[in-house]
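Chemist: Submitted below is the structure of interest, expressed as structure tokens.
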Amino acid sequence: MRRQYGQDVGTINNWREALKTYAIALQRIQGFPVYIAHCYRTGNEYNLAAQVFTELFELAETQGDNREWYQCFLSYNAGMAYKQAGNSRNAYVWFSRASRFINNNDSAISYYARQAQREANQIN
């Protein structure tokens, strides 16, 4: 993807093509479609990105051992998308959800939780 589109999720000029590629590939392999939301963000479609991140959050329960990772990561990214869309109220809600994982033993999860807590503190 990076070689074809310049970044994993495309650029401002080709994010739609990257999104289509991910949608088709992830459907074929039955993957969890997080990159679709990232493509929307790359295209400055922040409200659509937030919608996808929040809808995927509801499906995070189906991700087995990766459940907490997805819950935190998706919450953080939903908060970022809402922030970029200028919706600080919803950004705060989603950053707060992600920050609940701050004491998680997984360093990647706690990293995003700390980032979310910083973002929530800046809004509040």
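Letters A, B, ... go to the chains of the structure tokens in the order shown; residues in each chain start at 1; ligands are counted from 1 in the same order.
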Using only C-alpha atoms, which protein or nucleic acid residues come within 7 Å of region 57-72 of chain A? Drop anything in the same chain fewer than 3 positions from it, and give the result as a list in words.

Modeler: Phe53, Thr54, Ser75, Tyr76, Ala98, Phe101, Ile109, Tyr112 and Ala113 of chain A

Chemist: Using N, CA and C atoms, can you export the residues from the last selection as a tab-separated table (two decimals), in the first residue's frame?

Modeler:
chain	number	residue	atom	x	y	z
A	53	PHE	N	-14.72	4.97	13.32
A	53	PHE	CA	-14.02	4.60	14.55
A	53	PHE	C	-15.00	4.22	15.65
A	54	THR	N	-16.06	5.00	15.81
A	54	THR	CA	-17.02	4.71	16.89
A	54	THR	C	-17.82	3.44	16.61
A	75	SER	N	-10.99	4.36	20.46
A	75	SER	CA	-11.48	5.51	21.25
A	75	SER	C	-10.58	6.72	21.04
A	76	TYR	N	-9.27	6.50	21.12
A	76	TYR	CA	-8.32	7.59	20.91
A	76	TYR	C	-8.50	8.20	19.52
A	98	ALA	N	-10.75	6.28	26.11
A	98	ALA	CA	-9.42	5.71	25.87
A	98	ALA	C	-8.54	5.84	27.10
A	101	PHE	N	-7.71	3.20	30.02
A	101	PHE	CA	-6.75	2.11	29.87
A	101	PHE	C	-5.34	2.52	30.29
A	109	ILE	N	-1.06	0.01	24.53
A	109	ILE	CA	-2.37	0.45	25.02
A	109	ILE	C	-2.21	1.61	26.00
A	112	TYR	N	-1.39	4.99	24.15
A	112	TYR	CA	-2.54	5.69	23.58
A	112	TYR	C	-3.46	6.23	24.67
A	113	ALA	N	-3.57	5.52	25.77
A	113	ALA	CA	-4.38	6.00	26.88
A	113	ALA	C	-3.81	7.29	27.46

Chemist: Neighbouring residues of Asn44 (chain A) were defined as those with any atom within 10 Å, considering only C-alpha atoms; residues of the same chain fewer than 2 positions away were excluded. Please report them as a ChimeraX atom specification.

Modeler: /A:12,15,38-42,46-49,81,84-85

Chemist: To one decimal place, how far is CA of Ile123 (chain A) from CA of Asn105 (chain A) in Å?

Modeler: 26.5 Å

Chemist: Which residues, written as a PyMOL selection string, have at least one atom at most 12 Å from Gln122 (chain A), with only C-alpha atoms counted and residues fewer than 4 positions away on the same chain left out?

Modeler: chain A and resi 83+88+91-92+95-96+115-118

Chemist: Would you mind exporting N, CA and C atoms of the selected residues as a CSV table (one decimal), in the first residue's frame?

Modeler:
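Generated file (again06.csv):
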chain,number,residue,atom,x,y,z
A,83,LYS,N,-11.9,15.8,17.3
A,83,LYS,CA,-11.2,17.1,17.5
A,83,LYS,C,-10.9,17.8,16.2
A,88,SER,N,-15.5,19.3,20.0
A,88,SER,CA,-14.7,19.1,21.2
A,88,SER,C,-15.5,18.3,22.2
A,91,ALA,N,-15.1,14.7,21.2
A,91,ALA,CA,-13.7,14.4,21.3
A,91,ALA,C,-13.4,14.1,22.8
A,92,TYR,N,-13.9,14.9,23.7
A,92,TYR,CA,-13.6,14.7,25.1
A,92,TYR,C,-14.2,13.3,25.6
A,95,PHE,N,-11.9,10.6,24.1
A,95,PHE,CA,-10.6,10.6,24.8
A,95,PHE,C,-10.7,10.1,26.2
A,96,SER,N,-11.8,10.4,26.8
A,96,SER,CA,-12.0,9.9,28.2
A,96,SER,C,-12.1,8.4,28.2
A,115,GLN,N,-1.9,9.4,25.8
A,115,GLN,CA,-2.1,10.5,24.8
A,115,GLN,C,-3.5,11.0,24.9
A,116,ALA,N,-4.5,10.1,25.1
A,116,ALA,CA,-5.9,10.5,25.2
A,116,ALA,C,-6.1,11.3,26.4
A,117,GLN,N,-5.5,11.0,27.5
A,117,GLN,CA,-5.7,11.7,28.7
A,117,GLN,C,-5.1,13.2,28.5
A,118,ARG,N,-4.0,13.3,27.8
A,118,ARG,CA,-3.5,14.6,27.6
A,118,ARG,C,-4.4,15.4,26.7
